[in-house]
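Text of query17.cif (mmCIF, C-alpha atoms) as supplied:
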data_start
#
loop_
_atom_site.label_atom_id
_atom_site.label_comp_id
_atom_site.auth_asym_id
_atom_site.auth_seq_id
_atom_site.Cartn_x
_atom_site.Cartn_y
_atom_site.Cartn_z
CA MET A 1 26.13 -0.51 -13.33
CA ALA A 2 23.24 -2.82 -14.24
CA ASN A 3 20.67 -1.24 -16.58
CA LEU A 4 17.50 -0.89 -14.49
CA GLY A 5 15.35 -0.78 -17.64
CA ILE A 6 15.78 -4.56 -17.65
CA PRO A 7 13.14 -6.07 -15.30
CA GLN A 8 15.39 -8.60 -13.53
CA ASN A 9 17.83 -5.82 -12.56
CA THR A 10 15.00 -3.79 -11.04
CA ILE A 11 13.79 -6.85 -9.11
CA ALA A 12 17.34 -7.50 -7.85
CA ILE A 13 17.73 -3.95 -6.51
CA LEU A 14 14.30 -3.96 -4.86
CA GLN A 15 15.10 -7.28 -3.16
CA LYS A 16 18.56 -6.13 -2.12
CA TYR A 17 17.06 -3.17 -0.27
CA ASN A 18 13.86 -4.96 0.75
CA PHE A 19 11.94 -2.06 -0.79
CA ASN A 20 8.17 -1.73 -0.40
CA PHE A 21 6.22 0.40 -2.86
CA GLN A 22 4.51 3.42 -1.32
CA LYS A 23 0.97 3.94 -2.56
CA LYS A 24 0.97 7.54 -1.28
CA PHE A 25 3.85 8.41 -3.63
CA GLY A 26 2.22 6.67 -6.61
CA GLN A 27 5.35 4.62 -7.31
CA ASN A 28 5.51 2.69 -10.58
CA PHE A 29 9.00 2.00 -11.92
CA LEU A 30 9.62 1.80 -15.65
CA ILE A 31 11.00 -1.55 -16.89
CA ASP A 32 11.25 -1.07 -20.64
CA THR A 33 14.43 0.09 -22.38
CA HIS A 34 12.57 1.09 -25.59
CA VAL A 35 10.39 3.52 -23.65
CA LEU A 36 13.45 4.95 -21.88
CA ASP A 37 15.09 5.59 -25.26
CA LYS A 38 11.90 7.27 -26.49
CA ILE A 39 11.89 9.63 -23.50
CA ILE A 40 15.50 10.68 -24.18
CA ASP A 41 14.63 11.25 -27.86
CA ALA A 42 11.43 13.16 -27.06
CA ALA A 43 13.25 15.44 -24.60
CA LYS A 44 16.08 15.92 -27.15
CA ILE A 45 18.69 15.56 -24.38
CA THR A 46 22.24 16.49 -25.44
CA LYS A 47 25.60 16.85 -23.72
CA GLU A 48 24.94 20.61 -23.43
CA ASP A 49 21.88 20.08 -21.27
CA PHE A 50 21.20 20.48 -17.60
CA VAL A 51 18.24 18.26 -16.70
CA LEU A 52 16.00 18.40 -13.65
CA GLU A 53 14.43 15.01 -13.03
CA ILE A 54 11.37 14.81 -10.79
CA GLY A 55 10.71 11.49 -9.10
CA PRO A 56 13.72 9.37 -10.12
CA GLY A 57 12.49 6.33 -8.12
CA ILE A 58 15.36 3.82 -8.10
CA GLY A 59 17.24 5.72 -10.82
CA THR A 60 16.10 3.88 -13.96
CA MET A 61 15.57 7.00 -16.08
CA THR A 62 18.32 8.85 -14.21
CA GLN A 63 20.95 6.43 -15.56
CA TYR A 64 19.85 7.23 -19.13
CA LEU A 65 19.83 10.97 -18.40
CA CYS A 66 23.35 10.83 -16.92
CA GLU A 67 24.60 9.08 -20.07
CA ASN A 68 23.10 11.74 -22.34
CA ALA A 69 23.11 15.06 -20.45
CA ARG A 70 25.84 17.33 -19.13
CA GLU A 71 24.42 17.36 -15.61
CA VAL A 72 21.36 15.99 -13.82
CA VAL A 73 19.67 16.95 -10.56
CA ALA A 74 17.18 14.30 -9.44
CA VAL A 75 14.59 15.31 -6.83
CA GLU A 76 13.08 12.41 -4.86
CA ILE A 77 10.57 12.85 -2.04
CA ASP A 78 10.81 9.30 -0.60
CA LYS A 79 13.79 9.13 1.74
CA LYS A 80 13.78 5.32 1.59
CA LEU A 81 14.91 5.60 -2.05
CA ILE A 82 17.95 7.77 -1.33
CA PRO A 83 20.35 4.90 -0.37
CA ILE A 84 19.14 2.95 -3.43
CA LEU A 85 19.85 5.95 -5.69
CA GLU A 86 23.32 6.33 -4.16
CA ASP A 87 23.93 2.72 -5.17
CA THR A 88 22.39 2.69 -8.67
CA LEU A 89 23.96 6.04 -9.65
CA SER A 90 27.36 5.46 -7.98
CA GLU A 91 29.19 5.34 -11.32
CA TYR A 92 28.06 8.78 -12.45
CA ASP A 93 29.77 11.98 -11.39
CA ASN A 94 27.32 14.30 -13.17
CA VAL A 95 24.30 13.72 -10.93
CA THR A 96 23.05 15.23 -7.65
CA VAL A 97 20.19 13.61 -5.74
CA LEU A 98 18.04 15.84 -3.54
CA ASN A 99 15.63 14.38 -1.00
CA GLU A 100 13.05 17.17 -1.35
CA ASP A 101 9.46 17.91 -2.24
CA ILE A 102 9.59 19.43 -5.73
CA LEU A 103 6.69 21.76 -4.89
CA LYS A 104 8.80 23.39 -2.17
CA LEU A 105 12.10 23.54 -4.06
CA ASP A 106 13.44 26.87 -5.36
CA ILE A 107 13.90 25.79 -8.99
CA ASN A 108 14.84 29.28 -10.15
CA LYS A 109 17.81 29.22 -7.77
CA LEU A 110 18.76 25.75 -8.99
CA ALA A 111 18.61 26.85 -12.65
CA GLU A 112 20.78 29.85 -11.79
CA GLU A 113 23.40 27.78 -9.93
CA LYS A 114 23.56 24.82 -12.30
CA ASN A 115 22.74 26.38 -15.68
CA GLY A 116 23.58 30.07 -15.38
CA GLY A 117 19.85 30.92 -15.52
CA LYS A 118 19.52 29.46 -19.04
CA PRO A 119 16.42 27.37 -19.87
CA ILE A 120 16.47 23.91 -18.32
CA LYS A 121 14.88 20.64 -19.43
CA VAL A 122 12.61 18.81 -17.02
CA VAL A 123 11.96 15.07 -17.22
CA ALA A 124 9.53 13.30 -14.90
CA ASN A 125 7.46 10.19 -14.31
CA LEU A 126 4.59 11.64 -12.33
CA PRO A 127 1.78 10.10 -10.30
CA TYR A 128 -1.64 11.23 -11.44
CA TYR A 129 -2.62 13.21 -8.35
CA ILE A 130 0.34 15.58 -8.50
CA THR A 131 0.75 16.08 -12.26
CA THR A 132 -1.20 19.33 -12.52
CA PRO A 133 0.28 21.16 -9.48
CA ILE A 134 3.82 20.31 -10.62
CA ILE A 135 3.32 21.37 -14.24
CA MET A 136 1.47 24.54 -13.32
CA GLY A 137 4.04 25.31 -10.62
CA LEU A 138 6.83 25.11 -13.20
CA PHE A 139 5.00 27.31 -15.71
CA GLU A 140 3.66 29.91 -13.30
CA SER A 141 6.80 30.46 -11.24
CA ASN A 142 8.65 31.73 -14.34
CA VAL A 143 11.32 29.05 -14.08
CA PRO A 144 13.55 29.29 -17.19
CA LEU A 145 12.20 26.26 -19.06
CA ASP A 146 13.04 24.77 -22.41
CA SER A 147 10.69 21.80 -22.17
CA ILE A 148 8.99 19.36 -19.81
CA THR A 149 8.92 15.72 -20.89
CA ILE A 150 6.70 13.66 -18.64
CA MET A 151 5.20 10.25 -18.27
CA VAL A 152 1.61 10.66 -17.16
CA GLN A 153 -1.65 8.77 -17.18
CA LYS A 154 -2.85 8.48 -20.80
CA GLU A 155 -6.06 10.41 -20.18
CA VAL A 156 -4.11 13.32 -18.64
CA ALA A 157 -1.81 13.44 -21.68
CA ASP A 158 -4.89 13.48 -23.94
CA ARG A 159 -6.41 16.26 -21.86
CA MET A 160 -3.31 18.42 -22.29
CA GLN A 161 -3.50 18.46 -26.07
CA VAL A 162 -7.21 18.43 -27.00
CA GLY A 163 -9.21 21.34 -28.36
CA PRO A 164 -12.70 22.75 -27.68
CA GLY A 165 -15.84 20.65 -27.80
CA THR A 166 -14.37 17.38 -26.50
CA LYS A 167 -15.13 15.91 -23.09
CA ASP A 168 -11.42 15.93 -22.13
CA TYR A 169 -11.07 19.65 -22.88
CA GLY A 170 -10.78 21.73 -19.73
CA ALA A 171 -8.75 24.16 -17.64
CA LEU A 172 -5.64 21.93 -17.85
CA SER A 173 -5.78 21.82 -21.68
CA LEU A 174 -5.94 25.61 -21.86
CA ALA A 175 -3.26 26.20 -19.23
CA VAL A 176 -0.80 23.85 -20.92
CA GLN A 177 -1.54 25.25 -24.38
CA TYR A 178 -1.08 28.83 -23.20
CA TYR A 179 2.44 28.09 -21.99
CA ALA A 180 3.65 25.29 -24.26
CA LYS A 181 3.18 23.18 -27.37
CA PRO A 182 2.12 19.67 -26.25
CA GLU A 183 3.14 16.61 -28.24
CA ILE A 184 2.54 12.97 -27.32
CA ALA A 185 5.77 11.04 -27.99
CA ALA A 186 4.70 7.53 -26.99
CA ASN A 187 1.85 5.54 -25.52
CA VAL A 188 3.03 3.21 -22.76
CA PRO A 189 1.02 0.13 -21.75
CA PRO A 190 0.75 -0.96 -18.08
CA ASN A 191 3.11 -3.94 -18.56
CA CYS A 192 6.06 -1.52 -18.97
CA PHE A 193 5.92 -0.76 -15.23
CA MET A 194 6.50 -2.47 -11.93
CA PRO A 195 4.10 -2.70 -10.20
CA ARG A 196 1.65 -2.61 -13.10
CA PRO A 197 -0.70 0.38 -12.93
CA ASN A 198 -4.39 -0.12 -13.77
CA VAL A 199 -4.29 2.38 -16.61
CA GLY A 200 -2.25 3.16 -19.69
CA SER A 201 0.32 5.95 -19.66
CA ALA A 202 1.82 8.29 -22.23
CA VAL A 203 5.00 10.31 -22.66
CA ILE A 204 4.20 13.91 -23.55
CA THR A 205 6.62 16.75 -24.26
CA LEU A 206 5.59 20.32 -23.47
CA LYS A 207 7.84 22.65 -25.46
CA ARG A 208 7.75 26.04 -23.76
CA TYR A 209 6.69 28.98 -25.96
CA GLU A 210 9.05 31.94 -25.95
CA LYS A 211 5.94 34.07 -26.21
CA PRO A 212 2.41 32.76 -25.49
CA PRO A 213 0.27 32.24 -28.63
CA VAL A 214 -2.40 34.74 -27.45
CA GLU A 215 -2.17 38.28 -26.15
CA VAL A 216 -3.85 38.75 -22.80
CA GLU A 217 -3.66 41.78 -20.52
CA ASN A 218 -4.28 39.95 -17.27
CA VAL A 219 -3.26 36.28 -17.27
CA LYS A 220 -4.56 35.66 -13.74
CA LEU A 221 -7.99 36.99 -14.72
CA MET A 222 -8.04 34.82 -17.85
CA PHE A 223 -7.37 31.70 -15.77
CA ARG A 224 -10.02 32.73 -13.24
CA ILE A 225 -12.50 32.96 -16.13
CA ILE A 226 -11.35 29.59 -17.50
CA ARG A 227 -11.69 27.88 -14.11
CA ALA A 228 -15.12 29.43 -13.52
CA SER A 229 -16.40 28.31 -16.91
CA PHE A 230 -15.30 24.69 -16.37
CA ASN A 231 -16.27 24.43 -12.69
CA GLN A 232 -19.89 24.15 -13.81
CA ARG A 233 -19.53 22.55 -17.23
CA ARG A 234 -23.25 22.00 -17.79
CA LYS A 235 -24.08 25.68 -17.30
CA THR A 236 -23.90 28.34 -19.98
CA LEU A 237 -20.78 30.50 -19.91
CA VAL A 238 -22.70 33.53 -18.66
CA ASN A 239 -24.19 31.60 -15.71
CA GLY A 240 -20.90 29.84 -14.92
CA LEU A 241 -19.10 33.20 -14.67
CA ASN A 242 -21.98 34.85 -12.84
CA ASN A 243 -22.01 32.07 -10.19
CA SER A 244 -18.28 32.23 -9.61
CA PRO A 245 -16.99 33.94 -6.44
CA GLU A 246 -13.83 34.76 -8.42
CA ILE A 247 -15.62 36.99 -10.97
CA SER A 248 -17.30 39.90 -9.23
CA LEU A 249 -19.23 41.56 -12.04
CA PRO A 250 -22.95 42.08 -12.69
CA LYS A 251 -24.50 39.46 -14.96
CA GLU A 252 -25.37 42.01 -17.69
CA VAL A 253 -21.72 43.13 -17.91
CA ILE A 254 -20.63 39.50 -18.36
CA ALA A 255 -23.39 38.93 -20.95
CA GLU A 256 -22.34 42.06 -22.85
CA ALA A 257 -18.67 40.93 -22.95
CA ILE A 258 -19.73 37.50 -24.26
CA GLU A 259 -21.91 39.17 -26.91
CA LYS A 260 -18.93 41.28 -28.03
CA LEU A 261 -17.04 38.02 -28.66
CA GLY A 262 -19.57 37.34 -31.40
CA VAL A 263 -20.80 34.03 -29.97
CA LEU A 264 -24.30 32.89 -28.99
CA PRO A 265 -25.44 33.91 -25.48
CA SER A 266 -26.22 30.25 -24.77
CA ILE A 267 -22.61 29.12 -25.40
CA ARG A 268 -20.82 26.95 -22.86
CA GLY A 269 -17.24 27.48 -21.76
CA GLU A 270 -16.11 24.19 -23.27
CA ALA A 271 -16.82 25.56 -26.77
CA LEU A 272 -14.37 28.48 -26.52
CA THR A 273 -10.82 28.39 -27.89
CA LEU A 274 -7.83 29.74 -25.98
CA GLU A 275 -7.91 32.80 -28.25
CA GLN A 276 -11.57 33.44 -27.38
CA PHE A 277 -10.87 33.12 -23.65
CA ALA A 278 -8.04 35.65 -24.04
CA ARG A 279 -10.34 38.08 -25.86
CA LEU A 280 -13.11 37.60 -23.29
CA SER A 281 -10.62 38.25 -20.51
CA ASN A 282 -9.47 41.47 -22.19
CA LEU A 283 -13.12 42.58 -22.63
CA ILE A 284 -13.92 41.88 -18.98
CA GLN A 285 -10.66 43.52 -17.81
CA MET A 286 -11.84 46.79 -19.43
CA ARG A 287 -15.00 46.68 -17.32
CA GLN A 288 -13.45 45.91 -13.95
#
Once you've parsed the file, please lay out its structure as structure tokens.
Amino acid sequence: MANLGIPQNTIAILQKYNFNFQKKFGQNFLIDTHVLDKIIDAAKITKEDFVLEIGPGIGTMTQYLCENAREVVAVEIDKKLIPILEDTLSEYDNVTVLNEDILKLDINKLAEEKNGGKPIKVVANLPYYITTPIIMGLFESNVPLDSITIMVQKEVADRMQVGPGTKDYGALSLAVQYYAKPEIAANVPPNCFMPRPNVGSAVITLKRYEKPPVEVENVKLMFRIIRASFNQRRKTLVNGLNNSPEISLPKEVIAEAIEKLGVLPSIRGEALTLEQFARLSNLIQMRQ
């Protein structure tokens, strides 16, 4: 089968099927074999692995995954791509293509059936607008995960790995860092895609922690506090939490918990580390 990482092969397939890119699905197909190799390396795919691929497109990355993994399930939402995938993956007997919305798929069941419930590896090339719901869905639904290796917009990758005090730091940074260790594996310029996006991309691997790096009694409460403190970034932490419909506590109780953290009362949420948010959550939990 022709390697789709080579641009003329991608063009040939798109012409053969008279394929039109769908803006609503954020379709940008990778046309760079070096980047494809980097994704396989970053995800550390071996012949023992079961891989769930989200958004295979025309099967460019899927071909590489099939060559390197034991088994691949590729989940594609665009039904117009299904006949193309049947064509481009016809030589591989270790791949299943599902025409589904990943957000509605029972991934736990899939991991049980295909991998005996052992941790799976996820690889994806995700459009910007759906990156966060997919990643958070995977983490929060307790899917047995080894790692997620994804191609995302460069600024989203940066946001996932930055620490306090930077403008990119926010709820996504903290959520990712609670569940996984983020590592950028490659920066990918727009000319590696067809059609060319307007922004740079990056490959980032999120290696799932066996045990989160902080101890928190009520994870849902911690994330409510995190969201509330970033929803109104310009406000002090005490006012941000006090204004939030999700935190139903008197202002003085919130102020007292923040004081117990040993930080200034005027502090903003963006200055707190994950560990401080965990401690604040535990302090507030005691008062609820």
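Comparing the minimum interatomic distances between Arg227 in chain A and each of A:Lys167, A:Leu172, A:Tyr179, A:Leu274, counting only C-alpha atoms, we find that A:Leu172 sits nearest.
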Exercise for the section: Can you work out the spacing between CA of Tyr128 in chain A and CA of Ile58 in chain A in Å, to one decimal? Expected result: 18.8 Å
Exercise for the section: Determine the residue set returned by the PyMOL selection byres ((chain A and resi 123) around 6) for the present structure, and present it as JSON, numbers by chain. Expected result: {"A": [53, 122, 124, 148, 149, 150]}
Problem - Between CA of Thr205 in chain A and CA of Ala42 in chain A - distance in Å to one decimal - result: 6.6 Å
Completion exercise
Counting all atoms listed in the file, closest pick from A:Val214, A:Ala186, A:Ala271, A:Leu283 relative to Ile258 in chain A is A:Leu283
Exercise for the section: Considering all atoms listed in the file, state which residue in the set A:Ile11, A:Met61, A:Ile247, A:Leu98 is at the smallest distance from Val73 in chain A. Expected result: A:Leu98
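For the residues A:Asn94, A:Asn28, A:Ser229, A:Asn99, ranking by smallest atom-to-atom distance to Cys192 in chain A using only C-alpha atoms places A:Asn28 first.
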Exercise for the section: Name the residues within 6 Å of (13.7, 13.4, -0.7), counting only C-alpha atoms in the file's coordinates, and put them as a VMD selection string. Expected result: chain A and resid 76 to 79 98 to 100
Practice task
Find the residue from A:Gln285, A:Asn142, A:Gln153, A:Gln161 that sits nearest to Ala111 in chain A; use all atoms listed in the file when measuring.
Solution key: A:Asn142
Exercise for the section: Determine the residue set returned by the PyMOL selection byres ((chain A and resi 81) around 12) for the present structure, and present it as a count of residues only. Expected result: 34
Fill in the blank from the handout: Using only C-alpha atoms, the residue out of A:Leu105, A:Ala175, A:Val199, A:Ala185 with shortest distance to Val219 in chain A is A:Ala175
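Note that the spacing between CA of Asp158 in chain A and CA of Thr273 in chain A amounts to 16.5 Å.
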Exercise for the section: Using only C-alpha atoms, determine which residues lie at most 9 Å from Pro7 in chain A, disregarding the query and same-chain residues fewer than 6 positions distant; provide the list as a list in words. Expected result: Leu30, Ile31, Asp32, Phe193 and Met194 of chain A
Practice task
Name all residues at most 12 Å from Arg279 in chain A (count only C-alpha atoms; drop same-chain ones fewer than 3 positions away) and give them as an MDAnalysis selection string.
Solution key: chainID A and resid 214:219 221:222 225:226 257:263 272:276 282:286
Exercise for the section: Could you list the residues chosen by the PyMOL selection byres ((chain A and resi 154) around 9) in this structure as a PyMOL selection string? Expected result: chain A and resi 151-153+155-159+187-188+199-203
Find the smallest box with edges along x, y and z containing every listed atom of range 79-96 of chain A, then add 4 Å on each side and report centre and edge lengths in Å to one decimal, as AutoDock Vina command-line options.
--center_x 21.8 --center_y 9.0 --center_z -5.7 --size_x 24.0 --size_y 20.5 --size_z 22.9
Taking (-16.2, 31.9, -13.5) in the file's own coordinates, collect the residues within 12 Å, counting only C-alpha atoms, and hand them back as a CSV table (one decimal) with C-alpha atoms, keeping the file's coordinate frame.
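Saved file out-v8.csv follows:
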chain,number,residue,atom,x,y,z
A,171,ALA,CA,-8.8,24.2,-17.6
A,221,LEU,CA,-8.0,37.0,-14.7
A,222,MET,CA,-8.0,34.8,-17.8
A,223,PHE,CA,-7.4,31.7,-15.8
A,224,ARG,CA,-10.0,32.7,-13.2
A,225,ILE,CA,-12.5,33.0,-16.1
A,226,ILE,CA,-11.4,29.6,-17.5
A,227,ARG,CA,-11.7,27.9,-14.1
A,228,ALA,CA,-15.1,29.4,-13.5
A,229,SER,CA,-16.4,28.3,-16.9
A,230,PHE,CA,-15.3,24.7,-16.4
A,231,ASN,CA,-16.3,24.4,-12.7
A,232,GLN,CA,-19.9,24.2,-13.8
A,233,ARG,CA,-19.5,22.6,-17.2
A,235,LYS,CA,-24.1,25.7,-17.3
A,236,THR,CA,-23.9,28.3,-20.0
A,237,LEU,CA,-20.8,30.5,-19.9
A,238,VAL,CA,-22.7,33.5,-18.7
A,239,ASN,CA,-24.2,31.6,-15.7
A,240,GLY,CA,-20.9,29.8,-14.9
A,241,LEU,CA,-19.1,33.2,-14.7
A,242,ASN,CA,-22.0,34.8,-12.8
A,243,ASN,CA,-22.0,32.1,-10.2
A,244,SER,CA,-18.3,32.2,-9.6
A,245,PRO,CA,-17.0,33.9,-6.4
A,246,GLU,CA,-13.8,34.8,-8.4
A,247,ILE,CA,-15.6,37.0,-11.0
A,248,SER,CA,-17.3,39.9,-9.2
A,249,LEU,CA,-19.2,41.6,-12.0
A,251,LYS,CA,-24.5,39.5,-15.0
A,254,ILE,CA,-20.6,39.5,-18.4
A,268,ARG,CA,-20.8,27.0,-22.9
A,269,GLY,CA,-17.2,27.5,-21.8
A,277,PHE,CA,-10.9,33.1,-23.6
A,280,LEU,CA,-13.1,37.6,-23.3
A,281,SER,CA,-10.6,38.2,-20.5
A,284,ILE,CA,-13.9,41.9,-19.0
Can I get range 195-222 of chain A with N, CA and C atoms filled in, as a PDB file, in the coordinates of the input?
ATOM      1  N   PRO A 195       5.216  -1.804  -9.902  1.00  0.00           N
ATOM      2  CA  PRO A 195       4.100  -2.700 -10.200  1.00  0.00           C
ATOM      3  C   PRO A 195       3.276  -2.156 -11.362  1.00  0.00           C
ATOM      4  N   ARG A 196       2.468  -3.021 -11.955  1.00  0.00           N
ATOM      5  CA  ARG A 196       1.650  -2.610 -13.100  1.00  0.00           C
ATOM      6  C   ARG A 196       0.536  -1.674 -12.649  1.00  0.00           C
ATOM      7  N   PRO A 197       0.442  -0.487 -13.251  1.00  0.00           N
ATOM      8  CA  PRO A 197      -0.700   0.380 -12.930  1.00  0.00           C
ATOM      9  C   PRO A 197      -1.976  -0.178 -13.582  1.00  0.00           C
ATOM     10  N   ASN A 198      -3.126   0.355 -13.192  1.00  0.00           N
ATOM     11  CA  ASN A 198      -4.390  -0.120 -13.770  1.00  0.00           C
ATOM     12  C   ASN A 198      -4.732   0.574 -15.074  1.00  0.00           C
ATOM     13  N   VAL A 199      -3.958   1.587 -15.417  1.00  0.00           N
ATOM     14  CA  VAL A 199      -4.290   2.380 -16.610  1.00  0.00           C
ATOM     15  C   VAL A 199      -3.074   2.526 -17.514  1.00  0.00           C
ATOM     16  N   GLY A 200      -3.338   2.887 -18.759  1.00  0.00           N
ATOM     17  CA  GLY A 200      -2.250   3.160 -19.690  1.00  0.00           C
ATOM     18  C   GLY A 200      -1.621   4.513 -19.401  1.00  0.00           C
ATOM     19  N   SER A 201      -0.378   4.682 -19.861  1.00  0.00           N
ATOM     20  CA  SER A 201       0.320   5.950 -19.660  1.00  0.00           C
ATOM     21  C   SER A 201       0.761   6.498 -21.019  1.00  0.00           C
ATOM     22  N   ALA A 202       1.275   7.703 -21.006  1.00  0.00           N
ATOM     23  CA  ALA A 202       1.820   8.290 -22.230  1.00  0.00           C
ATOM     24  C   ALA A 202       2.960   9.219 -21.863  1.00  0.00           C
ATOM     25  N   VAL A 203       3.913   9.329 -22.798  1.00  0.00           N
ATOM     26  CA  VAL A 203       5.000  10.310 -22.660  1.00  0.00           C
ATOM     27  C   VAL A 203       4.595  11.522 -23.477  1.00  0.00           C
ATOM     28  N   ILE A 204       4.568  12.678 -22.835  1.00  0.00           N
ATOM     29  CA  ILE A 204       4.200  13.910 -23.550  1.00  0.00           C
ATOM     30  C   ILE A 204       5.272  14.962 -23.312  1.00  0.00           C
ATOM     31  N   THR A 205       5.644  15.660 -24.380  1.00  0.00           N
ATOM     32  CA  THR A 205       6.620  16.750 -24.260  1.00  0.00           C
ATOM     33  C   THR A 205       5.889  18.080 -24.393  1.00  0.00           C
ATOM     34  N   LEU A 206       6.151  18.970 -23.438  1.00  0.00           N
ATOM     35  CA  LEU A 206       5.590  20.320 -23.470  1.00  0.00           C
ATOM     36  C   LEU A 206       6.723  21.280 -23.783  1.00  0.00           C
ATOM     37  N   LYS A 207       6.772  21.753 -25.020  1.00  0.00           N
ATOM     38  CA  LYS A 207       7.840  22.650 -25.460  1.00  0.00           C
ATOM     39  C   LYS A 207       7.411  24.079 -25.145  1.00  0.00           C
ATOM     40  N   ARG A 208       8.129  24.715 -24.259  1.00  0.00           N
ATOM     41  CA  ARG A 208       7.750  26.040 -23.760  1.00  0.00           C
ATOM     42  C   ARG A 208       7.770  27.085 -24.888  1.00  0.00           C
ATOM     43  N   TYR A 209       6.709  27.880 -24.989  1.00  0.00           N
ATOM     44  CA  TYR A 209       6.690  28.980 -25.960  1.00  0.00           C
ATOM     45  C   TYR A 209       7.583  30.111 -25.447  1.00  0.00           C
ATOM     46  N   GLU A 210       8.306  30.740 -26.355  1.00  0.00           N
ATOM     47  CA  GLU A 210       9.050  31.940 -25.950  1.00  0.00           C
ATOM     48  C   GLU A 210       8.056  33.045 -25.626  1.00  0.00           C
ATOM     49  N   LYS A 211       6.987  33.069 -26.424  1.00  0.00           N
ATOM     50  CA  LYS A 211       5.940  34.070 -26.210  1.00  0.00           C
ATOM     51  C   LYS A 211       4.609  33.326 -26.356  1.00  0.00           C
ATOM     52  N   PRO A 212       3.680  33.487 -25.390  1.00  0.00           N
ATOM     53  CA  PRO A 212       2.410  32.760 -25.490  1.00  0.00           C
ATOM     54  C   PRO A 212       1.699  33.045 -26.819  1.00  0.00           C
ATOM     55  N   PRO A 213       0.897  32.094 -27.309  1.00  0.00           N
ATOM     56  CA  PRO A 213       0.270  32.240 -28.630  1.00  0.00           C
ATOM     57  C   PRO A 213      -0.889  33.249 -28.654  1.00  0.00           C
ATOM     58  N   VAL A 214      -1.326  33.729 -27.480  1.00  0.00           N
ATOM     59  CA  VAL A 214      -2.400  34.740 -27.450  1.00  0.00           C
ATOM     60  C   VAL A 214      -1.950  35.918 -26.593  1.00  0.00           C
ATOM     61  N   GLU A 215      -2.508  37.086 -26.921  1.00  0.00           N
ATOM     62  CA  GLU A 215      -2.170  38.280 -26.150  1.00  0.00           C
ATOM     63  C   GLU A 215      -3.268  38.518 -25.111  1.00  0.00           C
ATOM     64  N   VAL A 216      -2.857  38.558 -23.858  1.00  0.00           N
ATOM     65  CA  VAL A 216      -3.850  38.750 -22.800  1.00  0.00           C
ATOM     66  C   VAL A 216      -3.296  39.745 -21.784  1.00  0.00           C
ATOM     67  N   GLU A 217      -4.143  40.711 -21.401  1.00  0.00           N
ATOM     68  CA  GLU A 217      -3.660  41.780 -20.520  1.00  0.00           C
ATOM     69  C   GLU A 217      -3.472  41.304 -19.084  1.00  0.00           C
ATOM     70  N   ASN A 218      -4.341  40.391 -18.655  1.00  0.00           N
ATOM     71  CA  ASN A 218      -4.280  39.950 -17.270  1.00  0.00           C
ATOM     72  C   ASN A 218      -4.422  38.416 -17.233  1.00  0.00           C
ATOM     73  N   VAL A 219      -3.281  37.747 -17.182  1.00  0.00           N
ATOM     74  CA  VAL A 219      -3.260  36.280 -17.270  1.00  0.00           C
ATOM     75  C   VAL A 219      -4.036  35.649 -16.106  1.00  0.00           C
ATOM     76  N   LYS A 220      -3.867  36.212 -14.916  1.00  0.00           N
ATOM     77  CA  LYS A 220      -4.560  35.660 -13.740  1.00  0.00           C
ATOM     78  C   LYS A 220      -6.075  35.722 -13.929  1.00  0.00           C
ATOM     79  N   LEU A 221      -6.545  36.850 -14.465  1.00  0.00           N
ATOM     80  CA  LEU A 221      -7.990  36.990 -14.720  1.00  0.00           C
ATOM     81  C   LEU A 221      -8.438  35.958 -15.757  1.00  0.00           C
ATOM     82  N   MET A 222      -7.661  35.795 -16.819  1.00  0.00           N
ATOM     83  CA  MET A 222      -8.040  34.820 -17.850  1.00  0.00           C
ATOM     84  C   MET A 222      -8.209  33.422 -17.239  1.00  0.00           C
TER      85      MET A 222
END
